[in-house]
file input14.cif (mmCIF, N, CA and C atoms)
data_query
#
loop_
_atom_site.label_atom_id
_atom_site.label_comp_id
_atom_site.auth_asym_id
_atom_site.auth_seq_id
_atom_site.Cartn_x
_atom_site.Cartn_y
_atom_site.Cartn_z
N MET C 1 -12.41 -4.18 -12.33
CA MET C 1 -12.60 -5.23 -11.35
C MET C 1 -13.14 -6.46 -12.07
N SER C 2 -12.58 -7.59 -11.75
CA SER C 2 -13.02 -8.82 -12.41
C SER C 2 -14.36 -9.27 -11.86
N THR C 3 -15.00 -10.15 -12.59
CA THR C 3 -16.31 -10.63 -12.15
C THR C 3 -16.20 -11.42 -10.85
N LYS C 4 -15.06 -12.07 -10.65
CA LYS C 4 -14.85 -12.82 -9.41
C LYS C 4 -14.82 -11.87 -8.21
N GLU C 5 -14.12 -10.72 -8.36
CA GLU C 5 -14.07 -9.73 -7.29
C GLU C 5 -15.44 -9.13 -7.04
N GLU C 6 -16.18 -8.86 -8.11
CA GLU C 6 -17.53 -8.32 -7.96
C GLU C 6 -18.42 -9.30 -7.22
N GLN C 7 -18.27 -10.59 -7.52
CA GLN C 7 -19.06 -11.61 -6.86
C GLN C 7 -18.74 -11.65 -5.37
N ILE C 8 -17.46 -11.54 -5.02
CA ILE C 8 -17.06 -11.56 -3.61
C ILE C 8 -17.64 -10.37 -2.88
N GLU C 9 -17.58 -9.17 -3.51
CA GLU C 9 -18.12 -7.98 -2.88
C GLU C 9 -19.62 -8.11 -2.63
N LYS C 10 -20.33 -8.76 -3.53
CA LYS C 10 -21.77 -8.93 -3.36
C LYS C 10 -22.06 -9.92 -2.23
N GLU C 11 -21.23 -10.95 -2.11
CA GLU C 11 -21.47 -11.98 -1.11
C GLU C 11 -21.16 -11.50 0.30
N VAL C 12 -20.07 -10.73 0.45
CA VAL C 12 -19.61 -10.33 1.78
C VAL C 12 -19.61 -8.82 1.88
N LYS C 13 -20.35 -8.31 2.84
CA LYS C 13 -20.29 -6.89 3.10
C LYS C 13 -19.14 -6.67 4.07
N VAL C 14 -18.15 -5.91 3.64
CA VAL C 14 -16.95 -5.70 4.44
C VAL C 14 -17.25 -4.67 5.52
N ASN C 15 -16.94 -5.05 6.76
CA ASN C 15 -17.05 -4.12 7.87
C ASN C 15 -15.85 -4.32 8.79
N LYS C 16 -15.80 -3.56 9.87
CA LYS C 16 -14.60 -3.62 10.72
C LYS C 16 -14.45 -4.97 11.41
N ASN C 17 -15.48 -5.76 11.49
CA ASN C 17 -15.39 -7.06 12.14
C ASN C 17 -14.82 -8.15 11.24
N ASN C 18 -14.96 -8.00 9.94
CA ASN C 18 -14.51 -9.07 9.05
C ASN C 18 -13.49 -8.62 8.00
N ILE C 19 -12.95 -7.42 8.16
CA ILE C 19 -12.06 -6.89 7.12
C ILE C 19 -10.78 -7.70 6.99
N THR C 20 -10.18 -8.13 8.11
CA THR C 20 -8.94 -8.90 8.05
C THR C 20 -9.17 -10.21 7.33
N LYS C 21 -10.25 -10.89 7.67
CA LYS C 21 -10.55 -12.16 7.02
C LYS C 21 -10.79 -11.96 5.53
N THR C 22 -11.47 -10.89 5.17
CA THR C 22 -11.75 -10.62 3.76
C THR C 22 -10.46 -10.34 2.99
N ILE C 23 -9.55 -9.58 3.59
CA ILE C 23 -8.27 -9.29 2.94
C ILE C 23 -7.47 -10.56 2.74
N ILE C 24 -7.41 -11.40 3.78
CA ILE C 24 -6.67 -12.66 3.69
C ILE C 24 -7.29 -13.57 2.64
N ASP C 25 -8.61 -13.65 2.60
CA ASP C 25 -9.29 -14.48 1.60
C ASP C 25 -8.94 -14.00 0.19
N ARG C 26 -8.97 -12.69 -0.03
CA ARG C 26 -8.65 -12.13 -1.33
C ARG C 26 -7.19 -12.43 -1.69
N PHE C 27 -6.30 -12.32 -0.69
CA PHE C 27 -4.87 -12.61 -0.89
C PHE C 27 -4.66 -14.07 -1.30
N VAL C 28 -5.33 -14.97 -0.61
CA VAL C 28 -5.21 -16.40 -0.91
C VAL C 28 -5.71 -16.70 -2.33
N GLU C 29 -6.77 -16.03 -2.74
CA GLU C 29 -7.29 -16.23 -4.09
C GLU C 29 -6.31 -15.76 -5.17
N GLU C 30 -5.53 -14.73 -4.86
CA GLU C 30 -4.60 -14.18 -5.84
C GLU C 30 -3.31 -14.99 -5.96
N ILE C 31 -3.00 -15.78 -4.97
CA ILE C 31 -1.76 -16.56 -4.99
C ILE C 31 -1.92 -17.77 -5.90
N ASP C 32 -0.90 -17.98 -6.72
CA ASP C 32 -0.85 -19.15 -7.57
C ASP C 32 -0.22 -20.27 -6.75
N MET C 33 -1.02 -21.25 -6.35
CA MET C 33 -0.54 -22.31 -5.47
C MET C 33 0.48 -23.24 -6.14
N THR C 34 0.54 -23.21 -7.45
CA THR C 34 1.52 -24.06 -8.13
C THR C 34 2.90 -23.41 -8.15
N ASN C 35 2.95 -22.11 -7.85
CA ASN C 35 4.22 -21.39 -7.82
C ASN C 35 4.75 -21.35 -6.39
N ASN C 36 5.79 -22.10 -6.11
CA ASN C 36 6.37 -22.15 -4.77
C ASN C 36 7.57 -21.22 -4.65
N ASN C 37 7.85 -20.44 -5.66
CA ASN C 37 9.05 -19.62 -5.67
C ASN C 37 8.74 -18.13 -5.57
N TYR C 38 7.74 -17.77 -4.80
CA TYR C 38 7.43 -16.35 -4.63
C TYR C 38 8.54 -15.69 -3.83
N LYS C 39 8.90 -14.50 -4.25
CA LYS C 39 9.84 -13.70 -3.48
C LYS C 39 9.03 -12.86 -2.50
N LEU C 40 9.70 -12.39 -1.46
CA LEU C 40 9.02 -11.61 -0.42
C LEU C 40 8.32 -10.40 -1.02
N ASN C 41 8.98 -9.68 -1.90
CA ASN C 41 8.38 -8.48 -2.49
C ASN C 41 7.14 -8.81 -3.32
N GLU C 42 7.15 -9.94 -3.98
CA GLU C 42 5.99 -10.35 -4.76
C GLU C 42 4.80 -10.63 -3.83
N LEU C 43 5.06 -11.27 -2.71
CA LEU C 43 3.99 -11.54 -1.74
C LEU C 43 3.47 -10.25 -1.12
N ILE C 44 4.41 -9.35 -0.83
CA ILE C 44 4.00 -8.05 -0.27
C ILE C 44 3.10 -7.31 -1.27
N ASP C 45 3.49 -7.32 -2.54
CA ASP C 45 2.68 -6.65 -3.57
C ASP C 45 1.29 -7.28 -3.70
N LEU C 46 1.23 -8.60 -3.63
CA LEU C 46 -0.07 -9.28 -3.69
C LEU C 46 -0.93 -8.91 -2.48
N LEU C 47 -0.31 -8.85 -1.32
CA LEU C 47 -1.05 -8.49 -0.11
C LEU C 47 -1.53 -7.04 -0.19
N LYS C 48 -0.69 -6.15 -0.69
CA LYS C 48 -1.09 -4.75 -0.84
C LYS C 48 -2.26 -4.62 -1.80
N SER C 49 -2.19 -5.33 -2.91
CA SER C 49 -3.29 -5.23 -3.88
C SER C 49 -4.58 -5.80 -3.31
N SER C 50 -4.47 -6.84 -2.49
CA SER C 50 -5.65 -7.41 -1.83
C SER C 50 -6.25 -6.39 -0.87
N TYR C 51 -5.38 -5.75 -0.11
CA TYR C 51 -5.82 -4.74 0.85
C TYR C 51 -6.52 -3.58 0.13
N LYS C 52 -5.88 -3.09 -0.93
CA LYS C 52 -6.44 -1.96 -1.67
C LYS C 52 -7.79 -2.31 -2.30
N SER C 53 -7.92 -3.53 -2.79
CA SER C 53 -9.20 -3.91 -3.42
C SER C 53 -10.32 -3.99 -2.40
N VAL C 54 -9.99 -4.36 -1.17
CA VAL C 54 -11.01 -4.45 -0.13
C VAL C 54 -11.31 -3.08 0.46
N LYS C 55 -10.29 -2.26 0.65
CA LYS C 55 -10.45 -0.96 1.29
C LYS C 55 -10.87 0.14 0.33
N LYS C 56 -11.05 -0.20 -0.95
CA LYS C 56 -11.41 0.79 -1.95
C LYS C 56 -12.70 1.49 -1.54
N LYS C 57 -12.66 2.81 -1.56
CA LYS C 57 -13.83 3.59 -1.17
C LYS C 57 -14.90 3.51 -2.24
N LYS C 58 -16.09 3.38 -1.78
CA LYS C 58 -17.23 3.34 -2.70
C LYS C 58 -17.58 4.77 -3.12
N ASP C 59 -18.10 4.90 -4.31
CA ASP C 59 -18.57 6.20 -4.76
C ASP C 59 -19.90 6.49 -4.08
N VAL C 60 -19.86 7.48 -3.20
CA VAL C 60 -21.06 7.82 -2.44
C VAL C 60 -21.52 9.19 -2.89
N THR C 61 -22.78 9.27 -3.23
CA THR C 61 -23.33 10.57 -3.62
C THR C 61 -23.93 11.22 -2.39
N LYS C 62 -23.59 12.48 -2.22
CA LYS C 62 -24.14 13.22 -1.09
C LYS C 62 -25.57 13.62 -1.41
N LYS C 63 -26.41 13.54 -0.40
CA LYS C 63 -27.77 14.00 -0.63
C LYS C 63 -27.80 15.51 -0.45
N ASN C 64 -28.76 16.14 -1.05
CA ASN C 64 -28.89 17.59 -0.98
C ASN C 64 -29.27 18.01 0.44
N PRO C 65 -28.81 19.18 0.87
CA PRO C 65 -29.19 19.65 2.21
C PRO C 65 -30.68 19.92 2.29
N SER C 66 -31.23 19.65 3.45
CA SER C 66 -32.67 19.88 3.65
C SER C 66 -32.94 21.36 3.82
N ALA C 67 -34.21 21.71 3.82
CA ALA C 67 -34.60 23.11 4.03
C ALA C 67 -34.10 23.59 5.39
N TYR C 68 -34.17 22.71 6.38
CA TYR C 68 -33.68 23.05 7.73
C TYR C 68 -32.19 23.37 7.69
N ASN C 69 -31.38 22.51 7.03
CA ASN C 69 -29.95 22.73 6.95
C ASN C 69 -29.62 24.07 6.28
N LEU C 70 -30.30 24.35 5.19
CA LEU C 70 -30.06 25.61 4.48
C LEU C 70 -30.45 26.81 5.34
N PHE C 71 -31.58 26.71 6.02
CA PHE C 71 -32.05 27.80 6.87
C PHE C 71 -31.07 28.04 8.02
N ILE C 72 -30.64 26.97 8.69
CA ILE C 72 -29.73 27.10 9.83
C ILE C 72 -28.41 27.71 9.39
N LYS C 73 -27.90 27.28 8.28
CA LYS C 73 -26.62 27.82 7.79
C LYS C 73 -26.73 29.32 7.55
N GLU C 74 -27.81 29.73 6.87
CA GLU C 74 -28.00 31.14 6.58
C GLU C 74 -28.27 31.94 7.86
N ALA C 75 -29.10 31.41 8.75
CA ALA C 75 -29.44 32.11 9.99
C ALA C 75 -28.21 32.27 10.89
N MET C 76 -27.40 31.24 10.99
CA MET C 76 -26.21 31.33 11.84
C MET C 76 -25.23 32.36 11.30
N THR C 77 -25.13 32.45 9.99
CA THR C 77 -24.24 33.46 9.39
C THR C 77 -24.72 34.86 9.75
N LYS C 78 -26.03 35.10 9.60
CA LYS C 78 -26.59 36.41 9.93
C LYS C 78 -26.44 36.72 11.42
N LEU C 79 -26.73 35.75 12.27
CA LEU C 79 -26.61 35.95 13.72
C LEU C 79 -25.17 36.23 14.11
N LYS C 80 -24.25 35.55 13.50
CA LYS C 80 -22.82 35.75 13.80
C LYS C 80 -22.39 37.16 13.41
N GLU C 81 -22.91 37.66 12.27
CA GLU C 81 -22.59 39.03 11.85
C GLU C 81 -23.17 40.05 12.82
N ASP C 82 -24.39 39.78 13.31
CA ASP C 82 -25.05 40.71 14.24
C ASP C 82 -24.37 40.72 15.60
N ASP C 83 -23.96 39.55 16.08
CA ASP C 83 -23.34 39.46 17.41
C ASP C 83 -22.17 38.46 17.36
N PRO C 84 -20.97 38.94 16.99
CA PRO C 84 -19.83 38.04 16.85
C PRO C 84 -19.34 37.43 18.17
N GLU C 85 -19.81 37.94 19.29
CA GLU C 85 -19.38 37.44 20.60
C GLU C 85 -20.08 36.12 21.00
N LEU C 86 -21.20 35.81 20.34
CA LEU C 86 -21.95 34.60 20.70
C LEU C 86 -21.17 33.34 20.36
N LYS C 87 -21.30 32.36 21.23
CA LYS C 87 -20.67 31.05 20.98
C LYS C 87 -21.55 30.27 20.01
N ASN C 88 -20.97 29.25 19.38
CA ASN C 88 -21.72 28.47 18.40
C ASN C 88 -22.97 27.82 18.99
N LYS C 89 -22.88 27.36 20.23
CA LYS C 89 -24.04 26.73 20.87
C LYS C 89 -25.20 27.72 20.97
N GLU C 90 -24.87 28.96 21.38
CA GLU C 90 -25.91 29.98 21.49
C GLU C 90 -26.46 30.36 20.11
N LEU C 91 -25.57 30.43 19.13
CA LEU C 91 -26.01 30.73 17.77
C LEU C 91 -26.98 29.67 17.26
N LEU C 92 -26.64 28.41 17.49
CA LEU C 92 -27.49 27.32 17.02
C LEU C 92 -28.84 27.34 17.75
N THR C 93 -28.81 27.65 19.03
CA THR C 93 -30.07 27.72 19.79
C THR C 93 -30.98 28.79 19.21
N LYS C 94 -30.41 29.97 18.96
CA LYS C 94 -31.22 31.06 18.39
C LYS C 94 -31.71 30.71 16.99
N ALA C 95 -30.83 30.12 16.18
CA ALA C 95 -31.22 29.74 14.83
C ALA C 95 -32.34 28.70 14.85
N ALA C 96 -32.27 27.76 15.78
CA ALA C 96 -33.31 26.73 15.90
C ALA C 96 -34.64 27.36 16.31
N LYS C 97 -34.58 28.34 17.20
CA LYS C 97 -35.82 29.04 17.58
C LYS C 97 -36.42 29.78 16.38
N LEU C 98 -35.55 30.42 15.60
CA LEU C 98 -36.02 31.10 14.39
C LEU C 98 -36.66 30.11 13.42
N TRP C 99 -36.08 28.91 13.32
CA TRP C 99 -36.63 27.87 12.44
C TRP C 99 -38.02 27.47 12.91
N GLN C 100 -38.18 27.30 14.22
CA GLN C 100 -39.49 26.93 14.77
C GLN C 100 -40.53 28.00 14.46
N GLU C 101 -40.13 29.26 14.63
CA GLU C 101 -41.05 30.36 14.33
C GLU C 101 -41.42 30.37 12.85
N GLU C 102 -40.43 30.18 12.00
CA GLU C 102 -40.65 30.16 10.55
C GLU C 102 -41.56 28.97 10.16
N LYS C 103 -41.29 27.83 10.81
CA LYS C 103 -42.06 26.62 10.52
C LYS C 103 -43.52 26.79 10.96
N ASN C 104 -43.73 27.45 12.11
CA ASN C 104 -45.10 27.64 12.62
C ASN C 104 -45.88 28.63 11.77
N LYS C 105 -45.20 29.54 11.08
CA LYS C 105 -45.88 30.52 10.22
C LYS C 105 -46.52 29.82 9.02
N LYS C 106 -45.88 28.75 8.55
CA LYS C 106 -46.35 28.07 7.34
C LYS C 106 -47.48 27.18 7.61
#
call {"tool": "encode", "arguments": {"input": "input14.cif", "output": "structure tokens"}}
result
Amino acid sequence: MSTKEEQIEKEVKVNKNNITKTIIDRFVEEIDMTNNNYKLNELIDLLKSSYKSVKKKKDVTKKNPSAYNLFIKEAMTKLKEDDPELKNKELLTKAAKLWQEEKNKK
């Protein structure tokens, strides 16, 4: 990514309200205004590259699961093995109660 693109990303936080404007702005920046002989496919390619540069997914690191998440996952697995007829809502309710009991012990 060029420094100009990095600067634009820092200036404008892209969200669903301004994404079209951001794509068009990036497209306009990529067009050589002195060249009046663009072919349709060339313009389409420029627009696609503008879109891709704006829509590029950021590298997001997942945070580690909390103690609660780990406990609930394990408890629901055990409860499901003990009583496979229970619905997920009931399983989660029981697991949450077990978490409260475990939390109160500490």
call {"tool": "select_by_dssp", "arguments": {"input": "input14.cif", "residues": "chain C", "states": "alpha helix (DSSP H)", "output": "PyMOL selection string"}}
result
chain C and resi 3-11+19-30+40-55+67-82+88-105
call {"tool": "residues_around", "arguments": {"input": "input14.cif", "residues": "Ala96 (chain C)", "least_positions_apart": "3", "cutoff": "8 Å", "atoms": "only N, CA and C atoms", "output": "VMD selection string"}}
result
chain C and resid 71 to 72 75 to 76 90 to 93 99 to 102
call {"tool": "atom_distance", "arguments": {"input": "input14.cif", "atom1": "atom N of Pro65 (chain C)", "atom2": "CA of Lys87 (chain C)"}}
result
24.7 Å
call {"tool": "closest_residue", "arguments": {"input": "input14.cif", "among": "C:Leu86, C:Ile23, C:Ala95, C:Val28", "to": "Tyr51 (chain C)", "atoms": "all atoms listed in the file"}}
result
C:Ile23
call {"tool": "atom_distance", "arguments": {"input": "input14.cif", "atom1": "atom N of Asp83 (chain C)", "atom2": "atom C of Ser66 (chain C)"}}
result
23.7 Å
